[in-house]
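What follows is the content of run-v4.txt, which has compact mmCIF, C-alpha atoms:
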```
# COMPACT_ATOMS: atom_id res chain seq x y z
CA MET A 24 -14.82 28.73 7.40
CA THR A 25 -11.21 28.20 8.46
CA GLU A 26 -11.81 24.47 8.43
CA LEU A 27 -13.18 24.52 4.91
CA LEU A 28 -10.20 26.62 3.84
CA PHE A 29 -7.86 24.01 5.31
CA ASP A 30 -9.78 21.23 3.57
CA ALA A 31 -9.57 23.09 0.26
CA LEU A 32 -5.81 23.64 0.65
CA LEU A 33 -5.29 20.00 1.54
CA ALA A 34 -7.35 18.89 -1.46
CA ILE A 35 -5.28 21.10 -3.77
CA ALA A 36 -2.05 19.79 -2.23
CA LEU A 37 -3.22 16.20 -2.73
CA VAL A 38 -4.03 16.73 -6.40
CA TRP A 39 -0.81 18.70 -6.97
CA THR A 40 1.53 16.13 -5.41
CA ALA A 41 -0.24 13.31 -7.25
CA LEU A 42 0.07 15.18 -10.55
CA ARG A 43 3.76 15.90 -9.96
CA ALA A 44 4.37 12.28 -8.92
CA LEU A 45 2.86 11.14 -12.22
CA LEU A 46 4.68 13.68 -14.38
CA VAL A 47 8.22 14.35 -13.07
CA PRO A 48 10.82 12.71 -15.31
CA GLU A 49 13.07 11.26 -12.57
CA LEU A 50 11.70 8.10 -10.99
CA PHE A 51 13.31 8.80 -7.62
CA ARG A 52 11.59 12.17 -7.24
CA SER A 53 8.38 10.63 -8.44
CA VAL A 54 8.50 8.10 -5.58
CA MET A 55 9.40 10.82 -3.06
CA LEU A 56 6.38 12.84 -4.18
CA PHE A 57 4.23 9.73 -3.86
CA ILE A 58 5.37 9.31 -0.23
CA ALA A 59 4.49 12.97 0.41
CA PHE A 60 1.11 12.27 -1.19
CA GLY A 61 0.56 9.35 1.19
CA LEU A 62 1.35 11.49 4.22
CA LEU A 63 -1.03 14.22 3.03
CA LEU A 64 -3.66 11.54 2.54
CA ALA A 65 -3.12 10.46 6.17
CA LEU A 66 -3.90 14.07 7.14
CA ALA A 67 -7.05 13.92 5.03
CA TRP A 68 -8.17 10.76 6.85
CA ALA A 69 -7.63 12.54 10.17
CA ARG A 70 -9.81 15.41 8.90
CA LEU A 71 -12.49 12.89 7.87
CA ASP A 72 -12.73 11.48 11.42
CA ALA A 73 -11.02 8.24 10.44
CA PRO A 74 -8.01 7.88 12.78
CA ASP A 75 -7.76 4.15 11.99
CA LEU A 76 -7.20 4.97 8.36
CA ALA A 77 -4.75 7.77 9.18
CA LEU A 78 -2.63 5.30 11.16
CA ALA A 79 -2.79 2.64 8.47
CA GLU A 80 -2.13 5.08 5.63
CA ALA A 81 0.91 6.64 7.30
CA ALA A 82 2.42 3.23 8.12
CA ILE A 83 1.37 1.19 5.08
CA GLY A 84 0.32 3.57 2.32
CA ALA A 85 3.21 6.01 2.65
CA GLY A 86 5.79 4.03 4.60
CA LEU A 87 5.75 0.49 3.25
CA THR A 88 4.64 1.27 -0.30
CA GLY A 89 7.28 3.99 -0.38
CA ALA A 90 9.96 1.60 0.86
CA LEU A 91 8.94 -1.01 -1.73
CA LEU A 92 8.98 1.51 -4.58
CA LEU A 93 12.30 3.03 -3.47
CA ASP A 94 13.82 -0.43 -3.29
CA ALA A 95 12.63 -1.13 -6.83
CA VAL A 96 14.00 2.20 -8.10
CA GLY A 97 17.37 1.46 -6.46
CA HIS A 98 17.40 -2.00 -8.07
CA LEU A 99 16.70 -0.44 -11.46
CA HIS A 100 19.47 2.14 -11.06
CA ARG A 101 22.00 -0.51 -10.06
CA ILE A 102 21.14 -2.57 -13.12
CA GLU A 103 21.45 0.51 -15.33
CA ASP A 104 24.86 1.28 -13.85
CA ALA A 105 26.04 -2.29 -14.36
CA ARG A 106 24.87 -2.23 -17.96
CA ARG A 107 26.57 1.07 -18.67
CA LYS A 108 29.79 -0.24 -17.16
CA GLN A 109 29.58 -3.33 -19.35
CA GLU A 110 29.05 -1.36 -22.56
CA ASN A 111 31.81 1.10 -21.75
CA PRO A 112 34.27 -0.56 -19.36
CA GLU A 113 36.82 2.29 -19.41
CA GLY A 114 34.18 4.90 -18.70
CA ARG A 115 34.74 4.73 -15.01
CA GLU A 116 38.48 5.32 -15.13
CA ARG A 117 38.07 8.13 -17.58
CA ARG A 118 35.54 9.84 -15.37
CA GLY A 119 37.85 9.53 -12.38
CA GLU A 120 40.79 11.22 -14.12
CA PRO A 121 41.36 14.90 -13.51
CA SER A 122 40.82 16.78 -16.76
CA MET B 29 -20.50 22.34 0.24
CA SER B 30 -19.23 20.25 3.11
CA GLY B 31 -15.64 19.21 3.70
CA ALA B 32 -16.51 15.55 3.21
CA LEU B 33 -17.98 16.18 -0.25
CA LEU B 34 -14.87 18.18 -1.13
CA TYR B 35 -12.70 15.17 -0.28
CA ALA B 36 -14.98 12.87 -2.27
CA LEU B 37 -14.63 15.17 -5.31
CA THR B 38 -10.85 15.21 -4.83
CA GLY B 39 -11.02 11.41 -4.80
CA GLY B 40 -12.84 11.47 -8.14
CA VAL B 41 -10.16 13.73 -9.64
CA LEU B 42 -7.37 11.49 -8.29
CA PHE B 43 -9.10 8.41 -9.70
CA ALA B 44 -9.23 9.93 -13.18
CA MET B 45 -5.61 11.09 -12.90
CA GLY B 46 -4.45 7.65 -11.86
CA LEU B 47 -6.41 6.05 -14.69
CA ALA B 48 -4.89 8.43 -17.25
CA GLY B 49 -1.45 7.66 -15.80
CA MET B 50 -2.01 3.93 -16.06
CA ILE B 51 -3.05 4.23 -19.72
CA LEU B 52 -0.46 6.77 -20.86
CA GLN B 53 2.68 5.80 -18.94
CA LYS B 54 4.87 3.10 -20.41
CA HIS B 55 7.24 2.50 -17.51
CA LEU B 56 5.87 -0.26 -15.28
CA LEU B 57 7.00 1.38 -12.03
CA ARG B 58 5.13 4.50 -13.03
CA ARG B 59 2.08 2.45 -13.88
CA ILE B 60 2.20 0.85 -10.44
CA LEU B 61 2.49 4.30 -8.88
CA ALA B 62 -0.47 5.51 -10.93
CA PHE B 63 -2.45 2.47 -9.80
CA ASN B 64 -1.78 3.46 -6.18
CA ILE B 65 -3.01 6.99 -6.83
CA LEU B 66 -6.11 5.59 -8.53
CA GLY B 67 -6.77 3.40 -5.50
CA SER B 68 -6.27 6.27 -3.06
CA GLY B 69 -8.76 8.29 -5.07
CA SER B 70 -11.43 5.63 -4.80
CA PHE B 71 -10.78 5.30 -1.04
CA LEU B 72 -11.23 9.05 -0.59
CA ALA B 73 -14.46 8.96 -2.59
CA LEU B 74 -15.83 6.08 -0.49
CA ILE B 75 -15.09 7.73 2.85
CA GLY B 76 -16.05 11.22 1.73
CA LEU B 77 -19.41 10.12 0.35
CA GLY B 78 -20.16 8.07 3.46
CA GLN B 79 -19.61 11.07 5.65
CA ARG B 80 -21.64 13.83 4.02
CA GLY B 81 -23.49 15.64 6.79
CA GLY B 82 -23.48 12.72 9.20
CA PRO B 83 -21.46 11.02 11.87
CA PRO B 84 -18.37 9.06 10.77
CA ASP B 85 -19.51 5.80 9.20
CA PRO B 86 -17.51 2.77 10.41
CA VAL B 87 -18.55 0.49 7.52
CA PRO B 88 -16.71 2.27 4.68
CA GLN B 89 -13.83 2.93 7.07
CA ALA B 90 -13.42 -0.80 7.67
CA MET B 91 -13.70 -1.45 3.92
CA VAL B 92 -11.03 1.12 3.12
CA LEU B 93 -8.74 -0.25 5.85
CA THR B 94 -9.02 -3.64 4.14
CA GLY B 95 -8.42 -1.92 0.82
CA ILE B 96 -5.21 -0.18 1.95
CA VAL B 97 -3.69 -3.49 3.05
CA VAL B 98 -4.74 -5.27 -0.14
CA ALA B 99 -3.37 -2.38 -2.23
CA VAL B 100 0.10 -2.67 -0.69
CA CYS B 101 0.06 -6.42 -1.33
CA ALA B 102 -0.96 -5.90 -4.94
CA THR B 103 1.80 -3.30 -5.29
CA ALA B 104 4.42 -5.67 -3.90
CA LEU B 105 3.29 -8.49 -6.18
CA ALA B 106 3.27 -6.15 -9.18
CA LEU B 107 6.79 -4.94 -8.33
CA ALA B 108 8.02 -8.52 -8.01
CA LEU B 109 6.53 -9.34 -11.43
CA ALA B 110 8.06 -6.19 -12.94
CA ARG B 111 11.49 -7.13 -11.56
CA ARG B 112 11.14 -10.61 -12.97
CA LEU B 113 10.26 -9.11 -16.36
CA LEU B 114 13.31 -6.85 -16.10
CA SER B 115 15.67 -9.70 -15.32
CA LEU B 116 14.20 -11.86 -18.12
CA THR B 117 13.86 -9.27 -20.90
CA GLY B 118 15.92 -6.28 -19.74
CA THR B 119 13.01 -3.89 -20.16
CA MET B 120 10.56 -2.26 -17.78
CA SER B 121 7.68 -2.00 -20.22
CA LEU B 122 5.07 -4.44 -21.48
CA PRO B 123 5.56 -6.18 -24.83
CA GLY B 124 4.30 -3.93 -27.61
CA ASP B 125 5.36 -0.72 -25.91
CA GLU B 126 8.75 0.79 -26.63
CA ASP B 127 11.52 -0.39 -24.29
CA VAL B 128 12.27 1.66 -21.23
CA THR B 129 14.55 0.95 -18.32
CA ASP B 130 15.19 4.25 -16.58
CA MET C 12 4.70 -0.01 -35.86
CA ILE C 13 1.85 2.36 -35.27
CA PRO C 14 2.55 5.76 -36.87
CA GLY C 15 3.23 8.67 -34.53
CA SER C 16 0.14 10.67 -35.41
CA ILE C 17 -2.24 7.84 -34.47
CA LYS C 18 -0.30 7.36 -31.24
CA ARG C 19 -0.62 11.03 -30.41
CA ALA C 20 -4.33 10.95 -31.17
CA GLY C 21 -4.67 7.97 -28.86
CA ARG C 22 -2.95 9.82 -26.04
CA VAL C 23 -5.17 12.87 -26.49
CA LEU C 24 -8.23 10.62 -26.54
CA ALA C 25 -7.16 8.88 -23.30
CA LEU C 26 -6.55 12.24 -21.61
CA GLY C 27 -9.89 13.58 -22.80
CA LEU C 28 -11.77 10.50 -21.65
CA SER C 29 -10.10 10.66 -18.22
CA LEU C 30 -11.02 14.32 -17.88
CA GLY C 31 -14.57 13.48 -18.90
CA LEU C 32 -14.67 10.70 -16.32
CA ALA C 33 -13.50 13.13 -13.60
CA LEU C 34 -16.27 15.59 -14.54
CA LEU C 35 -18.88 12.84 -14.69
CA LEU C 36 -17.82 11.48 -11.28
CA GLY C 37 -17.95 14.97 -9.78
CA TRP C 38 -21.39 15.58 -11.20
CA ALA C 39 -22.66 12.23 -9.91
CA MET C 40 -21.28 12.95 -6.44
CA PHE C 41 -23.00 16.35 -6.33
CA ASP C 42 -26.29 14.78 -7.36
CA LEU C 43 -26.12 11.75 -5.11
CA PRO C 44 -28.85 11.84 -2.44
CA PRO C 45 -27.88 10.84 1.11
CA ALA C 46 -28.12 7.09 1.67
CA GLU C 47 -31.48 5.89 2.99
CA ILE C 48 -30.02 3.16 5.17
CA ARG C 49 -28.23 4.75 8.09
CA LEU C 50 -25.36 2.35 8.73
CA PRO C 51 -23.73 4.20 11.68
CA GLU C 52 -26.95 3.89 13.74
CA GLN C 53 -27.29 0.20 12.89
CA VAL C 54 -23.70 -0.46 13.90
CA ALA C 55 -24.15 1.53 17.14
CA ALA C 56 -27.36 -0.35 17.97
CA ARG C 57 -25.71 -3.77 17.86
CA LEU C 58 -22.25 -2.81 19.07
CA ALA C 59 -22.87 -4.37 22.51
CA GLU C 60 -23.18 -7.85 20.97
CA THR C 61 -19.67 -7.76 19.53
CA GLY C 62 -17.66 -7.54 22.74
CA VAL C 63 -15.64 -4.58 21.44
CA SER C 64 -16.55 -0.93 21.77
CA HIS C 65 -14.70 0.51 18.77
CA PRO C 66 -17.11 0.47 15.82
CA VAL C 67 -14.46 0.04 13.08
CA THR C 68 -13.03 -3.05 14.82
CA ALA C 69 -16.57 -4.36 15.30
CA VAL C 70 -17.28 -4.01 11.57
CA LEU C 71 -13.92 -5.51 10.57
CA LEU C 72 -14.00 -8.55 12.80
CA ASP C 73 -17.64 -9.18 13.53
CA PHE C 74 -20.23 -7.69 11.15
CA ARG C 75 -18.06 -7.99 8.03
CA SER C 76 -15.57 -10.57 9.25
CA TYR C 77 -16.05 -12.57 6.06
CA ASP C 78 -14.32 -9.77 4.13
CA THR C 79 -11.44 -9.73 6.57
CA LEU C 80 -11.09 -13.51 6.44
CA LEU C 81 -10.80 -13.41 2.67
CA GLU C 82 -8.46 -10.45 2.87
CA VAL C 83 -6.04 -12.42 5.03
CA GLY C 84 -6.19 -15.12 2.36
CA VAL C 85 -5.28 -12.48 -0.24
CA LEU C 86 -2.30 -11.40 1.88
CA LEU C 87 -1.03 -14.95 2.06
CA LEU C 88 -1.49 -15.45 -1.68
CA ALA C 89 0.36 -12.20 -2.41
CA VAL C 90 3.39 -13.16 -0.36
CA ILE C 91 3.43 -16.64 -1.93
CA GLY C 92 3.25 -14.97 -5.33
CA VAL C 93 6.15 -12.65 -4.51
CA LEU C 94 8.24 -15.54 -3.20
CA ALA C 95 7.46 -17.58 -6.29
CA THR C 96 8.15 -14.95 -8.96
CA ARG C 97 11.24 -13.19 -7.71
CA ALA C 98 14.51 -13.93 -9.41
CA GLU C 99 16.53 -16.37 -7.36
CA VAL C 100 18.45 -14.76 -4.54
CA ARG C 101 22.15 -15.14 -5.12
CA ASP C 102 24.51 -15.05 -2.21
CA GLY C 103 25.76 -11.60 -2.96
CA VAL C 104 27.74 -9.30 -0.75
CA GLU C 105 25.53 -8.07 2.06
CA PRO C 106 25.86 -4.31 2.49
CA ALA C 107 27.89 -3.14 5.45
CA PRO C 108 25.52 -2.12 8.26
CA GLU C 109 25.00 1.60 8.61
CA PRO C 110 26.12 2.60 12.13
CA VAL C 111 23.52 5.37 12.45
CA LEU C 112 20.68 3.16 11.27
CA LEU C 113 21.89 0.41 13.56
CA ALA C 114 21.87 2.70 16.58
CA LEU C 115 18.41 3.96 15.60
CA ALA C 116 17.15 0.41 15.18
CA ARG C 117 18.49 -0.62 18.59
CA VAL C 118 16.47 2.12 20.26
CA THR C 119 13.32 2.07 18.17
CA VAL C 120 12.69 -1.59 17.38
CA PRO C 121 11.90 -2.62 20.98
CA LEU C 122 9.69 0.47 21.26
CA MET C 123 7.92 -0.44 18.02
CA VAL C 124 7.17 -3.91 19.32
CA VAL C 125 5.66 -2.38 22.46
CA VAL C 126 3.65 0.07 20.34
CA ALA C 127 2.39 -2.82 18.20
CA GLY C 128 1.23 -4.64 21.32
CA TYR C 129 -0.49 -1.52 22.57
CA LEU C 130 -2.23 -0.90 19.23
CA LEU C 131 -3.44 -4.49 19.19
CA TRP C 132 -4.89 -4.17 22.69
CA ALA C 133 -6.30 -0.69 22.06
CA GLY C 134 -8.20 -1.84 18.96
CA ALA C 135 -11.04 -3.12 21.11
CA HIS C 136 -12.08 0.30 22.32
CA ARG C 137 -10.27 3.01 20.35
CA PRO C 138 -8.53 3.50 16.99
CA GLY C 139 -5.96 0.76 16.46
CA GLY C 140 -6.13 -2.96 15.89
CA ALA C 141 -4.48 -5.82 14.08
CA PHE C 142 -3.76 -3.97 10.84
CA GLN C 143 -2.00 -1.03 12.43
CA ALA C 144 -0.14 -3.32 14.85
CA GLY C 145 0.95 -5.52 11.95
CA ALA C 146 2.08 -2.48 9.98
CA VAL C 147 4.25 -1.28 12.88
CA LEU C 148 5.75 -4.77 13.26
CA ALA C 149 6.47 -4.83 9.53
CA ALA C 150 8.08 -1.40 9.72
CA SER C 151 10.42 -2.62 12.45
CA GLY C 152 11.33 -5.56 10.21
CA VAL C 153 12.10 -3.18 7.33
CA LEU C 154 14.22 -1.01 9.65
CA LEU C 155 16.19 -4.07 10.81
CA ARG C 156 16.73 -5.07 7.18
CA LEU C 157 17.98 -1.60 6.24
CA ALA C 158 20.31 -1.63 9.26
CA GLY C 159 21.75 -4.91 8.00
CA ARG C 160 20.52 -7.00 10.94
CA LEU C 161 18.20 -9.24 8.95
CA PRO C 162 19.25 -11.36 5.97
CA ALA C 163 17.10 -11.45 2.86
CA TRP C 164 14.66 -14.32 2.81
CA ALA C 165 16.21 -17.05 0.74
CA THR C 166 13.55 -19.62 1.53
CA PRO C 167 11.43 -19.01 4.59
CA GLY C 168 11.82 -21.85 7.08
CA PHE C 169 9.02 -23.75 8.77
CA THR C 170 8.61 -21.21 11.60
CA MET C 171 8.35 -18.36 9.12
CA ARG C 172 5.80 -20.19 7.02
CA LEU C 173 3.79 -20.96 10.12
CA GLY C 174 3.99 -17.30 11.14
CA LEU C 175 2.76 -16.21 7.72
CA ALA C 176 -0.22 -18.54 7.91
CA VAL C 177 -1.06 -18.35 11.62
CA GLY C 178 -3.51 -15.44 11.22
CA LEU C 179 -5.52 -17.24 8.57
CA LEU C 180 -5.36 -20.53 10.50
CA ILE C 181 -6.62 -19.04 13.79
CA PHE C 182 -9.30 -17.13 11.92
CA LEU C 183 -10.48 -20.26 10.12
CA ILE C 184 -10.43 -22.38 13.28
CA VAL C 185 -12.50 -19.81 15.19
CA ALA C 186 -14.82 -19.23 12.23
CA ALA C 187 -15.51 -22.94 11.87
CA GLY C 188 -15.27 -23.70 15.61
CA VAL C 189 -18.30 -21.60 16.48
CA MET C 190 -20.34 -23.85 14.16
CA VAL C 191 -19.98 -26.60 16.79
CA GLY C 192 -22.26 -24.48 18.97
CA GLY C 193 -24.94 -24.69 16.30
CA VAL C 194 -24.56 -21.21 14.86
CA THR C 195 -23.50 -20.20 11.37
CA LEU C 196 -19.95 -19.53 10.18
CA LEU C 197 -18.29 -16.55 11.91
CA ASP C 198 -21.28 -15.86 14.20
CA TYR C 199 -19.46 -15.60 17.53
CA PRO C 200 -21.49 -16.09 20.72
CA SER C 201 -21.92 -12.70 22.40
CA ASP C 202 -20.29 -13.56 25.70
CA LEU C 203 -17.14 -14.93 24.05
CA ALA C 204 -16.97 -12.50 21.17
CA GLY C 205 -14.56 -10.01 22.77
CA GLY C 206 -11.99 -12.68 23.65
CA LEU C 207 -12.33 -14.44 20.30
CA ILE C 208 -11.84 -11.18 18.44
CA LEU C 209 -8.69 -10.42 20.44
CA LEU C 210 -7.38 -13.93 19.73
CA ILE C 211 -8.02 -13.53 16.00
CA GLU C 212 -6.46 -10.08 16.02
CA ALA C 213 -3.31 -11.30 17.76
CA GLY C 214 -2.84 -13.98 15.08
CA LEU C 215 -3.63 -11.44 12.36
CA ALA C 216 -1.11 -8.92 13.70
CA VAL C 217 1.69 -11.52 13.60
CA SER C 218 0.75 -12.68 10.11
CA ILE C 219 0.22 -9.19 8.69
CA GLY C 220 3.51 -8.02 10.18
CA LEU C 221 5.42 -10.97 8.75
CA THR C 222 3.65 -10.75 5.39
CA LEU C 223 4.27 -7.04 4.91
CA ALA C 224 7.86 -7.35 6.11
CA GLY C 225 8.28 -10.43 3.91
CA LEU C 226 7.13 -8.51 0.83
CA PHE C 227 10.08 -6.21 1.45
CA LEU C 228 12.56 -8.81 2.69
CA SER C 229 12.08 -11.24 -0.17
CA ALA C 230 13.50 -8.73 -2.62
CA PRO C 231 17.07 -9.78 -3.48
CA ALA C 232 19.85 -8.28 -1.42
CA PRO C 233 21.34 -5.08 -2.85
CA GLY C 234 24.64 -6.75 -3.74
CA ALA C 235 23.00 -9.85 -5.18
CA ASN C 236 21.68 -8.66 -8.49
CA ARG C 237 24.82 -7.56 -10.25
CA GLU C 238 24.64 -10.51 -12.60
CA ASP C 239 21.04 -9.71 -13.53
CA ALA C 240 22.13 -7.22 -16.16
CA SER C 241 24.09 -9.73 -18.21
```
Show me the file's structure as structure tokens.
Amino acid sequence: MTELLFDALLAIALVWTALRALLVPELFRSVMLFIAFGLLLALAWARLDAPDLALAEAAIGAGLTGALLLDAVGHLHRIEDARRKQENPEGRERRGEPS
Amino acid sequence: MSGALLYALTGGVLFAMGLAGMILQKHLLRRILAFNILGSGSFLALIGLGQRGGPPDPVPQAMVLTGIVVAVCATALALALARRLLSLTGTMSLPGDEDVTD
Amino acid sequence: MIPGSIKRAGRVLALGLSLGLALLLGWAMFDLPPAEIRLPEQVAARLAETGVSHPVTAVLLDFRSYDTLLEVGVLLLAVIGVLATRAEVRDGVEPAPEPVLLALARVTVPLMVVVAGYLLWAGAHRPGGAFQAGAVLAASGVLLRLAGRLPAWATPGFTMRLGLAVGLLIFLIVAAGVMVGGVTLLDYPSDLAGGLILLIEAGLAVSIGLTLAGLFLSAPAPGANREDAS
């Protein structure tokens, strides 16, 4: 009974994190939620008697995929910043001034 | 209802969610993320269905292990293509969709 | 341009169809009878012939080794694809190494290499194996990159290319080599199977580690893409 309750909670958490990862407006949070989803999935593999998959999911699914996505998000943000600076070169100085 | 079937059903839900995300999202990074969720859903369904009321089945486990590694490779290739698209066109969406970058 | 109302209708339709698919999948899973072929028993019955005692490793590298062979090919193709499509790496400013990350990397990277070796060895009789070992190796590569100790891959040199391909090469040589003994492709002789599988796995771990790390490392350095926006 307790086990089934845990399984049900884990299933709900999986669906919830996945849904949030798909829907939150900020990309960075979306990727963070996806990493959390991967770690929860590793727990699910452990519950399904698949320790091989739990190991692989934690290292590859959450870790490496997360690192790749974060790197891409960072790349995107840097490009956005550079573009903004180009369109509005004085913006930076203005922001730095005490108002 | 057994725990394994519960996970298989969760996998089905995740698959549909990922599919909807891939169709509805315009941003390529988000599409790649949705693709990963879709893949995870199908992995869960495979393992969960192979395990209903029986001992752990090594055959789907080996298949899913292969799948996890292939999925990360596909993700990396897709990200590299998306970056190339961004540096060539300045947009993170496919032609025909409205432009998005952030 | 497509008018907004049609677009909205399309979105609702896609959502509805996805929901329907979820319900249909759930219904099918509830109705699915248990499989008639009992694979776990079949694997257990012939496990002794494979030279390893962990069933997942036996399936990966003996019963279904064809899948794994092709998978390694896919890995190699993916990393070639990433190397080919990325924007050219400019010699940008490398980020200053983070002292905390550097200290962490100094302690953990040697440990991670040991863990990878253990996982590789353990794969024969308990959870572990080439994939997990390769993943840990790749993670140590990523950590070294983040700590600023590894440069981005401009063009991988000969050693790197060999490292990327060594898993597939060893696998192919073993797969074809057993044919000399008069058996079919990938059908290892029982008395040698354990050693051959370990040999293949060692090559695979190196290649998988380098491939996965390479997927991360071949992205341009953080300081290098400033000009991309122009």
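We find atom CA of C:Ala216 and atom CA of C:Ala141 to be spaced 4.6 Å apart.
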Per residue of chain B within 6 Å of chain C, what are the shortest atom pair and its distance in Å to one decimal, counting all atoms listed in the file, with rows by chain and residue number, as JSON lines?
```
{"residue": "B:Leu37", "atom": "CA", "partner": "C:Gly37", "partner_atom": "CA", "distance": 5.6}
{"residue": "B:Gly40", "atom": "CA", "partner": "C:Ala33", "partner_atom": "CA", "distance": 5.7}
{"residue": "B:Val41", "atom": "CA", "partner": "C:Ala33", "partner_atom": "CA", "distance": 5.2}
{"residue": "B:Ala44", "atom": "CA", "partner": "C:Ser29", "partner_atom": "CA", "distance": 5.2}
{"residue": "B:Ala48", "atom": "CA", "partner": "C:Ser29", "partner_atom": "CA", "distance": 5.7}
{"residue": "B:Asp85", "atom": "CA", "partner": "C:Pro51", "partner_atom": "CA", "distance": 5.1}
{"residue": "B:Pro86", "atom": "CA", "partner": "C:Val67", "partner_atom": "CA", "distance": 4.9}
{"residue": "B:Ala90", "atom": "CA", "partner": "C:Leu71", "partner_atom": "CA", "distance": 5.6}
{"residue": "B:Cys101", "atom": "CA", "partner": "C:Ala89", "partner_atom": "CA", "distance": 5.9}
{"residue": "B:Leu105", "atom": "CA", "partner": "C:Val93", "partner_atom": "CA", "distance": 5.3}
{"residue": "B:Ala108", "atom": "CA", "partner": "C:Arg97", "partner_atom": "CA", "distance": 5.7}
{"residue": "B:Arg112", "atom": "CA", "partner": "C:Arg97", "partner_atom": "CA", "distance": 5.9}
{"residue": "B:Ser115", "atom": "CA", "partner": "C:Asp239", "partner_atom": "CA", "distance": 5.7}
```
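The environment of A:Ala41 within 7 Å, counting only C-alpha atoms and disregarding residues fewer than 6 places along the same chain, consists of Phe57 and Phe60 of chain A; Ile65 of chain B.
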For a quick test of understanding: name the residues of chain A lying within 9 Å of chain B when counting all atoms listed in the file, and present them as a tab-separated table (two decimals) with C-alpha atoms, keeping the file's coordinate frame.
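Now in out-v2.tsv:
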```tsv
chain	number	residue	atom	x	y	z
A	26	GLU	CA	-11.81	24.47	8.43
A	27	LEU	CA	-13.18	24.52	4.91
A	30	ASP	CA	-9.78	21.23	3.57
A	31	ALA	CA	-9.57	23.09	0.26
A	34	ALA	CA	-7.35	18.89	-1.46
A	35	ILE	CA	-5.28	21.10	-3.77
A	37	LEU	CA	-3.22	16.20	-2.73
A	38	VAL	CA	-4.03	16.73	-6.40
A	41	ALA	CA	-0.24	13.31	-7.25
A	42	LEU	CA	0.07	15.18	-10.55
A	44	ALA	CA	4.37	12.28	-8.92
A	45	LEU	CA	2.86	11.14	-12.22
A	46	LEU	CA	4.68	13.68	-14.38
A	49	GLU	CA	13.07	11.26	-12.57
A	50	LEU	CA	11.70	8.10	-10.99
A	53	SER	CA	8.38	10.63	-8.44
A	54	VAL	CA	8.50	8.10	-5.58
A	57	PHE	CA	4.23	9.73	-3.86
A	60	PHE	CA	1.11	12.27	-1.19
A	61	GLY	CA	0.56	9.35	1.19
A	64	LEU	CA	-3.66	11.54	2.54
A	67	ALA	CA	-7.05	13.92	5.03
A	68	TRP	CA	-8.17	10.76	6.85
A	70	ARG	CA	-9.81	15.41	8.90
A	71	LEU	CA	-12.49	12.89	7.87
A	72	ASP	CA	-12.73	11.48	11.42
A	73	ALA	CA	-11.02	8.24	10.44
A	75	ASP	CA	-7.76	4.15	11.99
A	76	LEU	CA	-7.20	4.97	8.36
A	79	ALA	CA	-2.79	2.64	8.47
A	80	GLU	CA	-2.13	5.08	5.63
A	83	ILE	CA	1.37	1.19	5.08
A	84	GLY	CA	0.32	3.57	2.32
A	87	LEU	CA	5.75	0.49	3.25
A	88	THR	CA	4.64	1.27	-0.30
A	91	LEU	CA	8.94	-1.01	-1.73
A	92	LEU	CA	8.98	1.51	-4.58
A	95	ALA	CA	12.63	-1.13	-6.83
A	96	VAL	CA	14.00	2.20	-8.10
A	98	HIS	CA	17.40	-2.00	-8.07
A	99	LEU	CA	16.70	-0.44	-11.46
A	100	HIS	CA	19.47	2.14	-11.06
A	103	GLU	CA	21.45	0.51	-15.33
```
Atom CA of B:Thr119 to atom CA of A:Ile102, distance in Å rounded to a single decimal: 10.8 Å
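For the atom pair formed by atom CA of C:Glu60 and atom CA of C:Leu203, the distance is 9.8 Å, given to one decimal.
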Exercise: stretch 199-202 of chain C partners within 9 Å, only C-alpha atoms, chain neighbours under 6 positions left out, as a ChimeraX atom specification: /C:59-62,73,185-186,189-190,192,208
Pick from C:Pro108, C:Pro14, C:Gly188, C:Pro121, whichever lies nearest to C:Ala150 using all atoms listed in the file: C:Pro121
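Counting all atoms listed in the file and comparing C:Gly220, C:Gly128, C:Gly214, C:Gly159, the residue that lies closest to chain A is C:Gly220.
The residue that comes closest to chain A, out of C:Thr195, C:Ser151, C:Ser218, C:Thr170 and on the basis of all atoms listed in the file, is C:Ser151.
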